[in-house]
Amino acid sequence: MKRWQTPLHSCRAAGRASGTRMTQISTSTTLAERSSGRSAAAKRKLSRRQRRELYWGLGFVSLAVGGFILLKVIPIVASFVISLTDWNVARAPSFIGLNNYMRMLTADPLFWKSLWVTAYYSLFSVPVSMAFAFALAMLLNTRIPALGMFRTLFYLPSIIPVIASSILWLWMFNPDFGLFNAGLDLLGLPRQRFIYEEGQVIPSLVFMSMWSVGPMMIIFLAGLQDVPNQLYEAVDIDGGNAWHKLRHVTIPMMTPTILFNLLISIVAALQTFVQAFIMTEGGPNNGSLFIVFYIYRKAFQEQQMGYASALAWALFLVICALSILVFKTSNRWVFYHGGDD
Amino acid sequence: MRELSNIWRRVVCAGGVAVAAGLAGAVPAKAQDCVEQVDLTFTFWGSASEKNDIENAIRTFNESHPCITVTGQHIPNTGYVEKITSMLASNTAPDVAYLSQDQAFGWAAEGRLLDLTPYLGDTPEDTYLKNSIYRVEGRLMGTGLATGVMLIYYNKDVFDAAGVEYPPANAAEAWTWDEFVENAKLLTKDRNGNTAADSDFDPNSIDTFGVAMPAGFSGWYPYVVSNGGRMANEDGTELTLNSPEAVEALQAYQDLIYKHHVTPTPTQTGTLPAADILMQSRKVAMSMDGHWRITDFNDTRMNWGIGVLPMFDEPYTPLISTPKVIFASTEHPDEAFEFYQYVSNPEQVGLFKSGLWAPLELEYFETEDGLAKWLTSEDAEYPPEAMDAIVNYSLNYTGEQLPTYQLRNIGQIMNDAVIPAISKMLDGTVSAQEAMDEAVANAAPLMQGRW
Amino acid sequence: MSAMEETSFKDLIVRQRPGVGKRRFAFLVCIVISLLMMMPLAWLVRSSFMEMGQIFIFPPEWIPQPFRFENFPEALTVIPFFRYFVNTMLILVPSVVGTLVSSSLAAYGFARLNWPGRDLVFGVLLSTLMLPYIITLLPTFLMWSQVGFINTYVPLIVPNWLGFHVFYIFLLRQFFKNLPRELDEAAEIDGANPLEIFWYIILPVSRPVLLVVAILSGLNAWNDFLDPLVYINSSDKYTLALGLAQFTGLYTSQWNLLMAASTVIIVPVLIVFFLTQRYFIEGVTMSGLKG
């Protein structure tokens with residue numbers, strides 16, 4: 001699952017730097033304007049050294065830029081072209097304009113269902129797993145014994161191959177012989193059907209997502225360790241309690257990290273696939289029909305390549321819209337402490 | 001070093017016939033007699049043992065046909081549809097292949113599969129089981145790979161202990177649905193030893209279930225047909241699973257689980273071991289399953305038998321078969337057809353004798369000689385009831401071809417409308433009537449007629 | 001970190017120290033959460049040693065009786081472990097090398113060379129983190145099939161040589177940016193060109209973060225499932241993850257074998273993780289990204 005897991009799975013880094021990165025993205029246009037304007041006006045004035053750095057720079061990034069064009073730009077454009085066609089693989093694609101998009105919006109209840117399922121899962125799992133990761137990071141930011149061991153143990157589930165963890169959780173969710181119902185029995189609670197019941201499948205998968213919050217936890221931890229101690233001391237002097245520290249120091253200081261984790265986990269949650277593929281096959285009653293799984297089914301099982309591409313574009317637009325929304329609102333709540341860069 | 005150079009030589013040889021021909025001695029002697037060396041690709045799925053048998057058949061074929069080299073490509077069941085789709089999309093389709101029904105028909109209609117009329121003649125129905133012949137818009141897409149009917153498997157010891165008669169093997173004597181339910185109740189026991197027919201039976205602690213039913217299409221559809229229902233109307237423009245006949249049968253099917261408590265819920269079925277293991281451990285007394293299970297049951301040490309399905313109005317079992325096709329893109333249709341026939345020939349492939357496959361052609365069902373090539377041969381592994389429960393049943397009670405081989409867009413109809421509704425029904429959340437009304441409504445925009 | 005580990009348990013039970021009760025509470029909470037988080041793994045291991053009969057007992061038992069070691073050989077005959085392992089490594093090793101090469105080159109170009117348009121190019125590259133993979137999957141697949149690389153490992157390896165995973169570039173760039181400028185300048189005075197500086201100066205001091213990238217990309221290749229599913233046709237070219245997925249399709253009910261097979265695929269990851277976790281987590285937390 002590397003590709004759609006990559007963000008969440010591998011972003012165990014940002015820490016404070018996330019703030020840097022976000023500012024860069026949001027200011028990239030201005031930077032661009034500045035640099036292009038300057039380069040046009042001052043092309044002749046590029047010193048030998050600057051020219052040399054330009055050539056070397058382009059040389060160094062050429063592999064990545066080539067990959068970007070070959071594996072991202074071209075496929076995105078191609079995908080849009082395919083989305084304008086009716087193509088079932090067996091015959092040549094025929095151009096049908098925006099019909100696929102019309103069908104998606106007006107005549108496909110499963111598209112809306114899959115959108116709903118995906119949104120429901122994301123709205124639920126992103127805050128829950130972020131809160132959990134944050135809490136774990138707070139725990140690990142205290143001075144307790146065996147800290148290294150706890151950090152390892154909390155992190156460990158997230159390195160387990162997603163295939164293996166899906167199989168494992170499928171077995172634990174088993175209503176008749178599984179671990180969870182045994183636990184509920186022990187507590188005297190009624191048994192549940194978990195992923196085998198439409199109403200419970202998404203909450204069950206959200207619960208499962210809490211198991212592998214390791215990367216997010218590490219990012220939070222890195223952020224927490226950068227919060228200057230003087231700020232907490234200031235709260236102490238003012239007679240504030242732990243809640244005040246959390247509310248007025250920790251959370252504001254952590255907002256860049258929170259933003260980073262938020263974006264990464266939204267993008268990852270919207271692309272959930274393996275759970276549907278291995279555990280539920282989109283069921284019961286399409287209750288876990290994640291949009292990526294639906295796209296996969298349309299493309300590779302029902303050979304509706306054009307329609308599948310249109311669905312993929314819809315997902316792309318949703319992610320873009322959400323990212324922009326998060327960015328736009330972020331300057332209202334993200335606190336950039338100075339001296340970052 | 002020597003080994004390395006050998007490997008290198010092999011690589012070079014594989015590089016092309018021209019190169020290979022240049023290197024005298026590196027070419028197998030037999031190949032030199034051929035006008036042309038023909039290479040064919042064959043994609044198939046199946047379990048490890050099935051793979052083994054197919055690979056054996058490919059080997060013997062290659063040995064007996066020196067001018068043809070078939071390369072088998074085994075693709076696991078999960079992912080086969082996706083793989084073959086991507087092969088077609090990338091113009092690397094194989095020559096001969098198994099194909100899923102919903103794919104095969106669409107592709108045949110697009111002309112991507114070879115019309116086999118020149119090879120099989122205009123009326124292959126005269127020599128083949130008629131339901132194993134696939135026609136698409138007047139073209140002959142081909143035959144199945146092999147056939148199989150749905151059966152009832154049972155553990156004789158459990159029946160003897162409960163004092164219940166074995167399920168009949170002759171379709172003319174098939175149990176009615178009510179007899180079936182009564183017997184299943186007698187066979188269902190809770191942990192205290194009460195049967196489902198007793199008044200103090202505890203449905204929450206069932207130890208042995210009377211019968212396990214597959215949740216898939218082949219599990220419930222036979223009873224719809226047996227009760228006079230159909231999947232869709234004549235021209236395939238409307239789903240008719242909410243007809244009174246269909247609903248009655250499906251409700252009876254649901255009642256096995258929640259009313260009579262003789263059948264495990266689908267979740268239980270989905271997570272329990274396969275029927276042969278369940279039955280051996282006496283977790284179930286009977287199980288509805290396909291002919292192809294015989295090979296698994298042969299591996300158990302249990303005392304088992306086979307019988308025919310219970311019936312409503314008339315005995316019926318579906319004839320199930322995987323389409324086997326030749327892609328139109330093949331450069332060697334004649335050789336491909338040669339292999340096409342070979343792989344379904346009981347004399348060449350061991351899977352017929354071992355109980356996984358039944359043949360396609362009538363002569364293997366109707367003549368002594370034909371039967372001796374699989375079912376009655378000395379090394380065959382069929383129980384004695386098979387003459388009735390398989391041969392007679394396949395010949396006389398398989399009705400018309402299943403709608404899954406006839407309806408256009410069947411893949412989407414099943415995925416988007418039928419399967420979700422059936423799973424809701426089997427979960428016990430809605431009645432058969434409600435589930436089927438929903439299925440029919442959801443399928444309405446997807447119906448595109450018959451092939 | 002070390003200061004925290006030096007805190008002995010004795011310190012914790014001295015009542016009057018401020019926050020001690022709170023810390024003890026945190027410690028207990030950590031123990032409880034650890035136990036809960038390890039429970040699934042214990043369940044996995046327990047199931048992988050059980051007989052079929054015992055696995056279907058409710059309420060479940062924790063200790064296998066008897067221990068059935070044959071689950072492992074049996075599971076491994078269904079998944080030809082050794083062959084799939086070799087296949088996986090054939091993808092993993094060149095992928096990791098490719099990722100290291102292409103990402104570190106690009107990161108150096110973005111971090112330590114000053115050229116017009118640099119930040120714009122980097123911003124655009126970074127924005128592809130938001131791109132859903134499924135949207136490029138089909139066209140990319142068609143592209144590879146046009147050049148005849150279906151059912152080979154090429155489509156699984158080559159993207160790594162082209163910096164496909166932008167995140168690693170980001171991570172390395174952050175690290176490179178924090179290295180003192182003087183390193184380059186001294187070499188530059190000695191007449192070294194940027195490639196030489198990169199190779200002789202920057203890379204040697206970047207080992208911790210390179211290790212992090214190597215582990216992350218190795219994990220990705222080990223766990224990757226969708227790409228092999230799409231690009232690999234024949235079962236003898238399968239990877240372990242794909243083999244395991246195939247196993248689920250065939251044996252959904254033989255949980256003891258499934259659990260044994262899952263254990264087999266998890267264990268190598270765990271070994272690597274335990275061997276490297278110190279450098280790994282601390283490398284990420286401490287050295288990687290200090291703004």
# chains A, B, ... in the order shown; residues from 1 in each chain; ligands from 1
>>> select_by_dssp(residues="stretch 171-396 of chain B", states="strand (DSSP E)", output="JSON, numbers by chain")
{"B": [189, 190, 206, 207, 208, 209, 210, 211, 212, 284, 285, 286, 287, 288, 289, 290, 304, 305, 306, 307, 319, 320, 324, 325, 326]}
>>> select_by_dssp(residues="stretch 109-290 of chain A", states="helix (DSSP H, G or I)", output="ChimeraX atom specification")
/A:109-140,147-159,162-172,179-186,194-196,198-212,214-224,229-237,242-270,274-280
>>> closest_residue(among="A:Ser83, A:Pro157, A:Trp313, A:Ser288", to="C:Ala42", atoms="only C-alpha atoms")
A:Pro157
>>> residues_around(residues="stretch 104-121 of chain C", least_positions_apart="3", cutoff="6 Å", atoms="only C-alpha atoms", output="ChimeraX atom specification")
/A:28,32,35,53-54,57,60-61 /C:100-101,124,169,172-173,177
>>> write_last_selection(atoms="N, CA and C atoms", output="compact mmCIF listing (two decimals), in the first residue's frame")
# COMPACT_ATOMS: atom_id res chain seq x y z
N SER A 28 4.60 29.96 -1.69
CA SER A 28 5.39 29.58 -2.86
C SER A 28 5.06 30.46 -4.07
N ALA A 32 7.62 32.55 -6.15
CA ALA A 32 7.75 32.31 -7.57
C ALA A 32 7.71 33.62 -8.33
N SER A 35 10.92 35.41 -7.81
CA SER A 35 12.12 34.90 -8.45
C SER A 35 12.02 34.99 -9.97
N GLU A 53 25.50 27.56 -10.15
CA GLU A 53 24.59 26.94 -9.19
C GLU A 53 23.31 26.51 -9.86
N LEU A 54 22.86 27.30 -10.83
CA LEU A 54 21.64 26.95 -11.55
C LEU A 54 21.82 25.63 -12.28
N GLY A 57 22.19 22.88 -9.82
CA GLY A 57 20.91 22.66 -9.14
C GLY A 57 19.96 21.86 -10.01
N PHE A 60 21.03 18.31 -10.17
CA PHE A 60 20.74 17.52 -8.97
C PHE A 60 19.27 17.12 -8.90
N VAL A 61 18.38 18.03 -9.28
CA VAL A 61 16.96 17.71 -9.11
C VAL A 61 16.38 17.07 -10.37
N LEU C 100 17.37 6.30 -2.22
CA LEU C 100 18.46 7.04 -1.58
C LEU C 100 19.14 7.95 -2.59
N VAL C 101 19.44 7.39 -3.75
CA VAL C 101 20.16 8.17 -4.75
C VAL C 101 19.33 9.36 -5.20
N VAL C 124 6.00 22.86 -5.85
CA VAL C 124 5.14 22.09 -6.75
C VAL C 124 5.33 20.58 -6.51
N ILE C 169 12.41 13.34 -0.10
CA ILE C 169 13.15 14.53 -0.52
C ILE C 169 12.98 15.62 0.53
N LEU C 172 15.02 14.74 3.71
CA LEU C 172 16.46 14.93 3.54
C LEU C 172 16.80 16.41 3.40
N ARG C 173 15.93 17.13 2.70
CA ARG C 173 16.18 18.55 2.52
C ARG C 173 16.23 19.26 3.86
N LYS C 177 19.61 21.21 5.13
CA LYS C 177 19.55 22.65 5.36
C LYS C 177 20.20 23.05 6.66
>>> interface_residues(of="chain B", to="chain A", cutoff="6 Å", atoms="only C-alpha atoms", output="list in words")
Val81, Glu82, Ala89, Trp107 and Pro420 of chain B
>>> write_last_selection(atoms="N, CA and C atoms", output="PDB file, in the first residue's frame")
ATOM      1  N   VAL B  81      -9.593 -11.514 -12.321  1.00  0.00           N
ATOM      2  CA  VAL B  81     -10.351 -10.598 -13.172  1.00  0.00           C
ATOM      3  C   VAL B  81      -9.543  -9.339 -13.467  1.00  0.00           C
ATOM      4  N   GLU B  82      -8.927  -8.810 -12.417  1.00  0.00           N
ATOM      5  CA  GLU B  82      -8.133  -7.594 -12.572  1.00  0.00           C
ATOM      6  C   GLU B  82      -6.967  -7.832 -13.527  1.00  0.00           C
ATOM      7  N   ALA B  89      -6.047  -4.753 -21.655  1.00  0.00           N
ATOM      8  CA  ALA B  89      -5.816  -3.320 -21.843  1.00  0.00           C
ATOM      9  C   ALA B  89      -4.440  -3.059 -22.428  1.00  0.00           C
ATOM     10  N   TRP B 107     -16.647  -9.206 -23.548  1.00  0.00           N
ATOM     11  CA  TRP B 107     -15.527  -9.217 -24.471  1.00  0.00           C
ATOM     12  C   TRP B 107     -15.855  -9.964 -25.751  1.00  0.00           C
ATOM     13  N   PRO B 420     -25.536  -6.861  -2.224  1.00  0.00           N
ATOM     14  CA  PRO B 420     -25.833  -6.121  -0.989  1.00  0.00           C
ATOM     15  C   PRO B 420     -27.198  -6.491  -0.400  1.00  0.00           C
TER      16      PRO B 420
END
>>> closest_residue(among="A:Gln50, A:Ser158, A:Thr152, A:Thr272", to="A:Ser114", atoms="only C-alpha atoms")
A:Thr272
>>> interface_residues(of="chain B", to="chain C", cutoff="6 Å", atoms="only C-alpha atoms", output="ChimeraX atom specification")
/B:73-75,78,90,271-273
>>> atom_distance(atom1="atom CA of A:Pro252", atom2="atom CA of A:Asn331")
12.3 Å
>>> interface_residues(of="chain C", to="chain A", cutoff="6 Å", atoms="only C-alpha atoms", output="PyMOL selection string")
chain C and resi 4-5+27+56+58-59+105-106+109+113+115-117+120+123+133+135-136+139-140+162-163+220+223-226+262+284-285+289+291
>>> write_last_selection(atoms="N, CA and C atoms", output="mmCIF file, in the first residue's frame")
data_model
loop_
_atom_site.group_PDB
_atom_site.id
_atom_site.type_symbol
_atom_site.label_atom_id
_atom_site.label_comp_id
_atom_site.auth_asym_id
_atom_site.auth_seq_id
_atom_site.Cartn_x
_atom_site.Cartn_y
_atom_site.Cartn_z
ATOM 1 N N MET C 4 15.883 11.408 31.197
ATOM 2 C CA MET C 4 14.638 10.811 31.653
ATOM 3 C C MET C 4 14.837 9.365 32.074
ATOM 4 N N GLU C 5 15.702 8.685 31.330
ATOM 5 C CA GLU C 5 15.889 7.293 31.677
ATOM 6 C C GLU C 5 16.646 7.130 32.994
ATOM 7 N N PHE C 27 2.896 6.625 34.189
ATOM 8 C CA PHE C 27 3.596 5.353 34.013
ATOM 9 C C PHE C 27 2.589 4.192 33.954
ATOM 10 N N PHE C 56 -11.410 -22.482 17.361
ATOM 11 C CA PHE C 56 -12.852 -22.225 17.299
ATOM 12 C C PHE C 56 -13.551 -22.517 18.623
ATOM 13 N N PHE C 58 -15.003 -21.034 22.088
ATOM 14 C CA PHE C 58 -15.411 -19.760 22.675
ATOM 15 C C PHE C 58 -15.915 -20.012 24.078
ATOM 16 N N PRO C 59 -15.545 -19.245 25.061
ATOM 17 C CA PRO C 59 -14.589 -18.128 25.007
ATOM 18 C C PRO C 59 -13.176 -18.601 24.672
ATOM 19 N N LEU C 105 20.012 13.316 -3.955
ATOM 20 C CA LEU C 105 20.457 14.262 -4.983
ATOM 21 C C LEU C 105 19.514 15.459 -5.034
ATOM 22 N N ALA C 106 18.216 15.159 -5.142
ATOM 23 C CA ALA C 106 17.246 16.249 -5.259
ATOM 24 C C ALA C 106 17.261 17.109 -4.006
ATOM 25 N N GLY C 109 20.062 19.451 -4.067
ATOM 26 C CA GLY C 109 19.801 20.526 -5.018
ATOM 27 C C GLY C 109 18.834 21.555 -4.457
ATOM 28 N N LEU C 113 21.960 24.426 -2.832
ATOM 29 C CA LEU C 113 22.337 25.204 -4.002
ATOM 30 C C LEU C 113 21.307 26.305 -4.158
ATOM 31 N N TRP C 115 19.512 28.529 -6.611
ATOM 32 C CA TRP C 115 19.242 28.833 -8.009
ATOM 33 C C TRP C 115 17.842 29.394 -8.157
ATOM 34 N N PRO C 116 17.636 30.245 -9.147
ATOM 35 C CA PRO C 116 16.323 30.872 -9.319
ATOM 36 C C PRO C 116 15.239 29.827 -9.578
ATOM 37 N N GLY C 117 14.077 29.993 -8.961
ATOM 38 C CA GLY C 117 12.973 29.073 -9.185
ATOM 39 C C GLY C 117 13.021 27.849 -8.295
ATOM 40 N N LEU C 120 10.010 27.403 -5.922
ATOM 41 C CA LEU C 120 8.790 27.126 -6.672
ATOM 42 C C LEU C 120 8.754 25.646 -7.080
ATOM 43 N N GLY C 123 8.093 23.530 -4.113
ATOM 44 C CA GLY C 123 6.699 23.633 -3.682
ATOM 45 C C GLY C 123 5.765 22.790 -4.537
ATOM 46 N N TYR C 133 -3.174 8.405 -5.147
ATOM 47 C CA TYR C 133 -2.405 7.498 -5.988
ATOM 48 C C TYR C 133 -3.275 6.871 -7.080
ATOM 49 N N ILE C 135 -5.408 7.962 -8.949
ATOM 50 C CA ILE C 135 -5.660 8.754 -10.156
ATOM 51 C C ILE C 135 -4.568 8.529 -11.191
ATOM 52 N N THR C 136 -3.357 8.265 -10.738
ATOM 53 C CA THR C 136 -2.278 8.054 -11.699
ATOM 54 C C THR C 136 -2.091 6.584 -12.018
ATOM 55 N N PRO C 139 -3.333 5.320 -15.867
ATOM 56 C CA PRO C 139 -2.471 5.788 -16.966
ATOM 57 C C PRO C 139 -1.031 5.284 -16.839
ATOM 58 N N THR C 140 -0.532 5.247 -15.619
ATOM 59 C CA THR C 140 0.832 4.753 -15.433
ATOM 60 C C THR C 140 0.914 3.298 -15.849
ATOM 61 N N LEU C 162 13.319 7.744 -9.580
ATOM 62 C CA LEU C 162 12.905 9.054 -10.082
ATOM 63 C C LEU C 162 12.272 9.890 -8.968
ATOM 64 N N GLY C 163 12.664 9.612 -7.750
ATOM 65 C CA GLY C 163 12.189 10.427 -6.639
ATOM 66 C C GLY C 163 10.683 10.440 -6.489
ATOM 67 N N ASN C 220 8.241 0.344 2.997
ATOM 68 C CA ASN C 220 7.253 0.537 1.942
ATOM 69 C C ASN C 220 7.302 -0.586 0.922
ATOM 70 N N ASN C 223 5.987 -3.816 2.409
ATOM 71 C CA ASN C 223 4.547 -3.828 2.662
ATOM 72 C C ASN C 223 3.712 -3.581 1.421
ATOM 73 N N ASP C 224 4.329 -3.108 0.373
ATOM 74 C CA ASP C 224 3.567 -2.672 -0.790
ATOM 75 C C ASP C 224 2.703 -3.808 -1.314
ATOM 76 N N PHE C 225 1.506 -3.439 -1.687
ATOM 77 C CA PHE C 225 0.555 -4.464 -2.044
ATOM 78 C C PHE C 225 -0.141 -4.138 -3.354
ATOM 79 N N LEU C 226 -0.552 -2.877 -3.495
ATOM 80 C CA LEU C 226 -1.335 -2.534 -4.678
ATOM 81 C C LEU C 226 -0.499 -2.594 -5.957
ATOM 82 N N SER C 262 0.855 -14.815 8.481
ATOM 83 C CA SER C 262 1.008 -13.405 8.819
ATOM 84 C C SER C 262 2.198 -13.203 9.748
ATOM 85 N N VAL C 284 14.688 10.199 13.650
ATOM 86 C CA VAL C 284 13.589 11.006 13.144
ATOM 87 C C VAL C 284 13.288 12.143 14.107
ATOM 88 N N THR C 285 13.168 11.782 15.389
ATOM 89 C CA THR C 285 12.765 12.789 16.366
ATOM 90 C C THR C 285 13.821 13.880 16.514
ATOM 91 N N LEU C 289 14.694 16.953 11.842
ATOM 92 C CA LEU C 289 13.989 18.150 11.426
ATOM 93 C C LEU C 289 13.924 19.166 12.536
ATOM 94 N N GLY C 291 13.998 22.354 11.983
ATOM 95 C CA GLY C 291 13.673 23.658 11.405
ATOM 96 C C GLY C 291 14.878 24.277 10.719
#
>>> closest_residue(among="B:Ile306, B:Met87, B:Val35, B:Ile422", to="B:Pro266", atoms="only C-alpha atoms")
B:Ile422
>>> closest_residue(among="B:Pro346, B:Pro264, B:Gly370, B:Pro323", to="B:Asp53", atoms="only C-alpha atoms")
B:Pro346
>>> residues_around(residues="A:Ser209", least_positions_apart="3", cutoff="8 Å", atoms="only C-alpha atoms", output="PyMOL selection string")
chain A and resi 125+129+205-206+212-213
>>> closest_residue(among="B:Ser344, B:Thr208, B:Thr404, B:Ser64", to="B:Gln101", atoms="only C-alpha atoms")
B:Thr404
>>> atom_distance(atom1="atom CA of B:Trp220", atom2="atom CA of B:Asn415")
16.0 Å
>>> atom_distance(atom1="atom CA of C:Ile63", atom2="atom CA of C:Asn256")
13.4 Å
>>> closest_residue(among="B:Met414, B:Ala389, B:Ile257, B:Leu351", to="B:Lys373", atoms="only C-alpha atoms")
B:Leu351
>>> decode(residues="stretch 159-213 of chain C", atoms="C-alpha atoms", output="compact mmCIF listing (two decimals), in the first residue's frame")
# COMPACT_ATOMS: atom_id res chain seq x y z
CA PRO C 159 9.75 5.18 -9.85
CA ASN C 160 12.01 4.99 -6.83
CA TRP C 161 14.92 6.06 -9.00
CA LEU C 162 12.90 9.05 -10.08
CA GLY C 163 12.19 10.43 -6.64
CA PHE C 164 8.59 9.27 -6.70
CA HIS C 165 8.19 9.57 -2.95
CA VAL C 166 8.50 13.28 -2.46
CA PHE C 167 8.35 12.92 1.26
CA TYR C 168 11.88 11.55 1.43
CA ILE C 169 13.15 14.53 -0.52
CA PHE C 170 11.42 16.76 1.98
CA LEU C 171 12.91 14.91 4.91
CA LEU C 172 16.46 14.93 3.54
CA ARG C 173 16.18 18.55 2.52
CA GLN C 174 15.30 19.54 6.06
CA PHE C 175 18.37 17.74 7.32
CA PHE C 176 20.74 19.11 4.71
CA LYS C 177 19.55 22.65 5.36
CA ASN C 178 20.70 22.45 8.95
CA LEU C 179 24.24 21.39 8.21
CA PRO C 180 26.66 24.25 8.71
CA ARG C 181 27.43 26.24 5.58
CA GLU C 182 31.10 26.20 6.42
CA LEU C 183 31.32 22.56 5.38
CA ASP C 184 30.64 23.40 1.74
CA GLU C 185 32.55 26.62 1.75
CA ALA C 186 35.75 25.01 2.96
CA ALA C 187 35.50 22.36 0.27
CA GLU C 188 34.64 24.94 -2.35
CA ILE C 189 37.78 26.85 -1.59
CA ASP C 190 39.67 23.63 -2.15
CA GLY C 191 38.13 23.51 -5.61
CA ALA C 192 35.50 20.83 -5.11
CA ASN C 193 32.42 20.94 -7.34
CA PRO C 194 28.93 20.43 -5.86
CA LEU C 195 28.86 16.74 -6.75
CA GLU C 196 32.10 16.20 -4.91
CA ILE C 197 30.85 18.20 -1.94
CA PHE C 198 27.68 16.16 -1.95
CA TRP C 199 29.52 12.90 -2.09
CA TYR C 200 32.51 13.53 0.16
CA ILE C 201 31.16 16.05 2.63
CA ILE C 202 27.40 15.93 2.90
CA LEU C 203 26.59 12.26 2.58
CA PRO C 204 29.07 11.03 5.20
CA VAL C 205 27.63 13.32 7.85
CA SER C 206 24.07 12.43 6.86
CA ARG C 207 24.19 8.76 7.70
CA PRO C 208 21.49 8.87 10.40
CA VAL C 209 18.90 10.45 8.16
CA LEU C 210 19.88 8.30 5.20
CA LEU C 211 19.30 5.29 7.40
CA VAL C 212 15.86 6.60 8.26
CA VAL C 213 15.03 7.02 4.59
